[in-house]
Amino acid sequence: MSTVRLSRVSKRYGTTVAVHDLDLDVADGEFVTLLGPSGCGKTTTLRMIAGLIEPSAGRIRFDDEDVTYLQPRARNIGFVFQSPALFPHLSVARNIAFGLSVKGVRREAIDKRVEEMLALVGLAGYGERMPSQLSGGQQQRVALARVLATDPRVLLFDEPLSALDRNLRDTLKYSILELQRRTGKTAIYVTHDQSEAFAISDRIVVMNAGRAEQVGTQTEIYLRPETPFVAEFIGATNALEGRIAAIDGAGEEARARVEVGGLEIRSRFRPGMTVGDRVLVYLRPENLVVVQDGQEDRFENVVEGDIERVIFEGPTAQLRVAIAGRELRADVSGGERLTFIEGRGRVRLGFNEVTLIAAPEAPAPVVEPAVTA
Amino acid sequence: MSAANVAAAPGASLPAERARRITRRRLTGLIGHAYVWLVLIVFVLPFLTLLGYSVSGPGGTYAVQNFQYVLGSFGDNLWWSFRVSGLTLVINVLVALPAAYGIVRYSFPGKRLLFSALTLPLYVPGAVIGISLVLVYNFSYHLTTSIWGLVLAMAVGTFPLMLTPIVVALRDLPVSFEEAAACLGATRWQTYWRVVFPLIGPGVSAGLMLSFIIVFNEYLVTLFVHPPSITTGPLRVFNLVRTAGLAPTTAALAVTMQVISFAAVLVFFRVFGTRYLKGTYLI
């Protein structure tokens, strides 16, 4: 158990920068997830923490110890790979015993520890089986038991569930979280799967193109994205481009009037934003509400348009509504969604929650334009 | 299912159609079998003839004592063959394991070229290797009177057969096993001994088997570089045929060597199958 601190860590391959000046502090016992699309540098970061890759620059510390150039074997870490990487020629028990036996721990102590670990991951009695006789989920549990047996300072997970099927992923991610809580280990987890990251993390680091875009809790990341990338990568959103036309009021009540090609959207704004600034406007589909007659005053913004199509998704239905020349997505749920199955007609959408982010110098939102899934 | 559907539709003309199809299938089967048997006869018959000749005695009788001769008078030659093979295998393994590891796990300039150069002996005629080695031994190393000259010659000639299957096995072995071992606290040596070597064992065994068969039966290169005091099995067979004609006892020695080689192959296939021989010129 210990803290992990990355200071200005970079990794370059020739002229390609895989990780750029990354700073990260992980508290003792904390569960931090590195989340990002493939190629964003999250796995490279994890492998640098493990010592499997040497950073090009920067420092990595466990507690006060500088481990930047330490061999993986000297770091006392537990690394769980995407493939379980169980040694196929050794039984389950001897796989779990591996870390202890290479350190020369006495036989009886090892046997006792192996039994403990098997019980911990719910596989008591499986010690004599070979890895090939286990299911994918069981293999990953054994991999977990194998790293926990050595009592590591830090647990590192490199997309450990991505090779498993969906149901198994759902149960196993909670097992991982529970084991981490029970053992109190510091854990760093890499995934590209948002729901996984949201389910198990204390904090999430959203990474893109080798940089940490935002570090925060689930609610911070989802409700208050700080960069266009985070706003568009996490969840679904409607992305619009606009200009601040005016600012009304002051203090808590201050609202910006944003001009978005023919529409005017009222919204809170960030300190520092002034009239004339180019901004990106993000509207979450679940925050766009179909307005019934007489409810107009519940919303700061009400826009009107034609329903282009309706995508029924079971618990929710997506309305694609043409408003001022662009398509907005609104998600409706409950009984209301059933009234839109016919999918035609005019509709008014009301919303209060709007995210404004200063438009980057270079044009273009980062992921796909308009509506991202 | 589909056959039944088809049968229901056009009615009477069908039995004739089916009969024709069956006849054609029988014919193809017949030709196939004939071809397999032909191949067997062409390839196996010489060995069977040799086997028959090796047990023939004077006046058309059977003579098992031909094989007693093998253990007695030719025992020495077989023993030399075994010794040369054994030493060659040891040297080959010791050199090929680190070489294969370096080639597979690290990237360095000229890697492909190096691998091609290392497999060169496969494509060079034995006589060329023999002459080159005689030159080198005579003028550079003065190895002409020791068994090591012969062993080194064999090692050079069969090194690619040892290297290739190990390279194949290592390429099939995901790096994550080694990384997992390292993260669990294993040193490099512990990782090699406990993880890498056991997992590439079949590849190493394939190399051992291939090298053994080639070295054990090598005649041409041996002829060039063998010291006068050392006569291996194949050399003895050739000498006897040249000086005394083809005697049944000589055939018995040849058969014995054949059986030993077959046994090596059979044991390997029983234990590991053919997978690890990919990339060598045998499969």
# chains A, B, ... in the order shown; residues from 1 in each chain; ligands from 1
call {"tool": "select_by_dssp", "arguments": {"residues": "region 54-233 of chain B", "states": "helix (DSSP H, G or I)", "output": "PyMOL selection string"}}
result
chain B and resi 54+58-60+65-72+75-105+111-118+120-122+126-141+147-172+175-183+188-217+220-225+233
call {"tool": "interface_residues", "arguments": {"of": "chain A", "to": "chain B", "cutoff": "6 Å", "atoms": "only C-alpha atoms", "output": "list in words"}}
result
Pro72, Arg73, Ala85, Gly99 and Val102 of chain A
call {"tool": "write_last_selection", "arguments": {"atoms": "C-alpha atoms", "output": "PDB file, in the first residue's frame"}}
result
ATOM      1  CA  PRO A  72       9.668  -4.362 -12.465  1.00  0.00           C
ATOM      2  CA  ARG A  73      10.700  -7.205 -10.157  1.00  0.00           C
ATOM      3  CA  ALA A  85      -1.028 -14.718 -18.833  1.00  0.00           C
ATOM      4  CA  GLY A  99       5.713 -14.780  -6.956  1.00  0.00           C
ATOM      5  CA  VAL A 102      10.910 -16.910  -6.796  1.00  0.00           C
TER       6      VAL A 102
END
call {"tool": "residues_around", "arguments": {"residues": "Gln194 (chain A)", "least_positions_apart": "2", "cutoff": "9 Å", "atoms": "only C-alpha atoms", "output": "PyMOL selection string"}}
result
chain A and resi 35-36+191-192+196-199+234-235
call {"tool": "write_last_selection", "arguments": {"atoms": "C-alpha atoms", "output": "short mmCIF file (atom, residue, chain, number, x, y, z; two decimals), in the first residue's frame"}}
result
data_model
loop_
_atom_site.label_atom_id
_atom_site.label_comp_id
_atom_site.auth_asym_id
_atom_site.auth_seq_id
_atom_site.Cartn_x
_atom_site.Cartn_y
_atom_site.Cartn_z
CA LEU A 35 -9.77 6.15 -19.48
CA GLY A 36 -9.31 7.00 -23.11
CA THR A 191 -9.73 0.83 -19.79
CA HIS A 192 -11.41 2.30 -22.85
CA GLU A 196 -16.35 0.08 -16.47
CA ALA A 197 -14.48 3.21 -15.43
CA PHE A 198 -17.61 4.80 -13.96
CA ALA A 199 -18.56 1.65 -12.04
CA ILE A 234 -17.81 10.75 -22.14
CA GLY A 235 -21.45 9.86 -22.70
#
call {"tool": "residues_around", "arguments": {"residues": "Leu134 (chain A)", "least_positions_apart": "4", "cutoff": "12 Å", "atoms": "only C-alpha atoms", "output": "PyMOL selection string"}}
result
chain A and resi 84+86+88+91-92+123+126-130+138-143
call {"tool": "closest_residue", "arguments": {"among": "B:Ala244, B:Leu78, B:Ile200, B:Leu170", "to": "Tyr106 (chain B)", "atoms": "only C-alpha atoms"}}
result
B:Leu170
call {"tool": "residues_around", "arguments": {"residues": "Val303 (chain A)", "least_positions_apart": "2", "cutoff": "8 Å", "atoms": "only C-alpha atoms", "output": "count of residues only"}}
result
6
call {"tool": "atom_distance", "arguments": {"atom1": "CA of Leu163 (chain B)", "atom2": "CA of Ala100 (chain B)"}}
result
6.2 Å
call {"tool": "residues_around", "arguments": {"residues": "Ala163 (chain A)", "least_positions_apart": "3", "cutoff": "8 Å", "atoms": "only C-alpha atoms", "output": "VMD selection string"}}
result
chain A and resid 82 to 83 160
call {"tool": "atom_distance", "arguments": {"atom1": "CA of Gly184 (chain A)", "atom2": "CA of Ser7 (chain A)"}}
result
24.0 Å
call {"tool": "residues_around", "arguments": {"residues": "region 267-269 of chain B", "least_positions_apart": "2", "cutoff": "12 Å", "atoms": "only C-alpha atoms", "output": "VMD selection string"}}
result
chain B and resid 201 to 210 212 to 213 259 to 265 271 to 277
call {"tool": "write_last_selection", "arguments": {"atoms": "N, CA and C atoms", "output": "JSON list (two decimals), in the first residue's frame"}}
result
[["chain", "number", "residue", "atom", "x", "y", "z"],
["B", 201, "GLY", "N", 9.99, -25.77, -24.73],
["B", 201, "GLY", "CA", 10.53, -27.13, -24.73],
["B", 201, "GLY", "C", 10.26, -27.90, -26.01],
["B", 202, "PRO", "N", 9.02, -27.89, -26.50],
["B", 202, "PRO", "CA", 8.75, -28.63, -27.73],
["B", 202, "PRO", "C", 9.59, -28.13, -28.91],
["B", 203, "GLY", "N", 9.81, -26.83, -28.99],
["B", 203, "GLY", "CA", 10.64, -26.28, -30.07],
["B", 203, "GLY", "C", 12.07, -26.75, -29.94],
["B", 204, "VAL", "N", 12.58, -26.72, -28.70],
["B", 204, "VAL", "CA", 13.94, -27.19, -28.47],
["B", 204, "VAL", "C", 14.05, -28.66, -28.84],
["B", 205, "SER", "N", 13.04, -29.44, -28.45],
["B", 205, "SER", "CA", 13.07, -30.88, -28.76],
["B", 205, "SER", "C", 13.05, -31.12, -30.25],
["B", 206, "ALA", "N", 12.28, -30.30, -30.98],
["B", 206, "ALA", "CA", 12.24, -30.46, -32.43],
["B", 206, "ALA", "C", 13.64, -30.23, -32.99],
["B", 207, "GLY", "N", 14.31, -29.20, -32.50],
["B", 207, "GLY", "CA", 15.66, -28.91, -32.96],
["B", 207, "GLY", "C", 16.60, -30.06, -32.63],
["B", 208, "LEU", "N", 16.46, -30.59, -31.41],
["B", 208, "LEU", "CA", 17.32, -31.71, -31.01],
["B", 208, "LEU", "C", 17.12, -32.90, -31.93],
["B", 209, "MET", "N", 15.84, -33.19, -32.22],
["B", 209, "MET", "CA", 15.55, -34.35, -33.05],
["B", 209, "MET", "C", 16.12, -34.19, -34.45],
["B", 210, "LEU", "N", 15.86, -33.02, -35.04],
["B", 210, "LEU", "CA", 16.34, -32.79, -36.40],
["B", 210, "LEU", "C", 17.86, -32.88, -36.46],
["B", 212, "PHE", "N", 19.87, -34.33, -34.39],
["B", 212, "PHE", "CA", 20.35, -35.68, -34.11],
["B", 212, "PHE", "C", 20.31, -36.54, -35.36],
["B", 213, "ILE", "N", 19.17, -36.52, -36.06],
["B", 213, "ILE", "CA", 19.04, -37.37, -37.24],
["B", 213, "ILE", "C", 20.09, -37.01, -38.29],
["B", 259, "VAL", "N", 16.84, -47.55, -37.95],
["B", 259, "VAL", "CA", 15.89, -47.77, -36.86],
["B", 259, "VAL", "C", 16.09, -46.73, -35.77],
["B", 260, "ILE", "N", 17.36, -46.45, -35.45],
["B", 260, "ILE", "CA", 17.62, -45.45, -34.40],
["B", 260, "ILE", "C", 17.03, -44.10, -34.81],
["B", 261, "SER", "N", 17.23, -43.71, -36.07],
["B", 261, "SER", "CA", 16.69, -42.42, -36.53],
["B", 261, "SER", "C", 15.17, -42.41, -36.49],
["B", 262, "PHE", "N", 14.57, -43.50, -36.98],
["B", 262, "PHE", "CA", 13.11, -43.60, -36.95],
["B", 262, "PHE", "C", 12.59, -43.46, -35.53],
["B", 263, "ALA", "N", 13.29, -44.15, -34.62],
["B", 263, "ALA", "CA", 12.85, -44.12, -33.22],
["B", 263, "ALA", "C", 12.84, -42.69, -32.70],
["B", 264, "ALA", "N", 13.88, -41.94, -33.04],
["B", 264, "ALA", "CA", 13.94, -40.54, -32.58],
["B", 264, "ALA", "C", 12.74, -39.76, -33.09],
["B", 265, "VAL", "N", 12.44, -39.92, -34.38],
["B", 265, "VAL", "CA", 11.31, -39.19, -34.97],
["B", 265, "VAL", "C", 10.00, -39.62, -34.33],
["B", 271, "VAL", "N", 5.26, -37.38, -28.66],
["B", 271, "VAL", "CA", 5.22, -36.45, -27.53],
["B", 271, "VAL", "C", 4.73, -35.07, -27.95],
["B", 272, "PHE", "N", 5.20, -34.57, -29.08],
["B", 272, "PHE", "CA", 4.94, -33.16, -29.40],
["B", 272, "PHE", "C", 4.13, -32.92, -30.67],
["B", 273, "GLY", "N", 3.99, -33.92, -31.55],
["B", 273, "GLY", "CA", 3.30, -33.65, -32.81],
["B", 273, "GLY", "C", 4.19, -32.90, -33.78],
["B", 274, "THR", "N", 3.58, -32.42, -34.87],
["B", 274, "THR", "CA", 4.39, -31.86, -35.96],
["B", 274, "THR", "C", 4.49, -30.34, -35.90],
["B", 275, "ARG", "N", 3.78, -29.72, -34.95],
["B", 275, "ARG", "CA", 3.61, -28.27, -34.97],
["B", 275, "ARG", "C", 4.94, -27.52, -34.99],
["B", 276, "TYR", "N", 5.89, -28.03, -34.20],
["B", 276, "TYR", "CA", 7.11, -27.25, -34.00],
["B", 276, "TYR", "C", 8.13, -27.45, -35.11],
["B", 277, "LEU", "N", 7.79, -28.29, -36.08],
["B", 277, "LEU", "CA", 8.75, -28.47, -37.18],
["B", 277, "LEU", "C", 8.49, -27.48, -38.30]]
call {"tool": "select_by_dssp", "arguments": {"residues": "region 162-313 of chain A", "states": "strand (DSSP E or B)", "output": "number ranges by chain"}}
result
A: 186-191, 203-208, 211-216, 237-248, 255-260, 263-267, 278-283, 289-290, 301-312
call {"tool": "closest_residue", "arguments": {"among": "A:Ala109, A:Leu22, A:Leu338, A:Leu240", "to": "Arg284 (chain A)", "atoms": "only C-alpha atoms"}}
result
A:Leu240
call {"tool": "closest_residue", "arguments": {"among": "B:Arg105, B:Arg83, B:Arg171, B:Arg112", "to": "Gly233 (chain B)", "atoms": "only C-alpha atoms"}}
result
B:Arg83
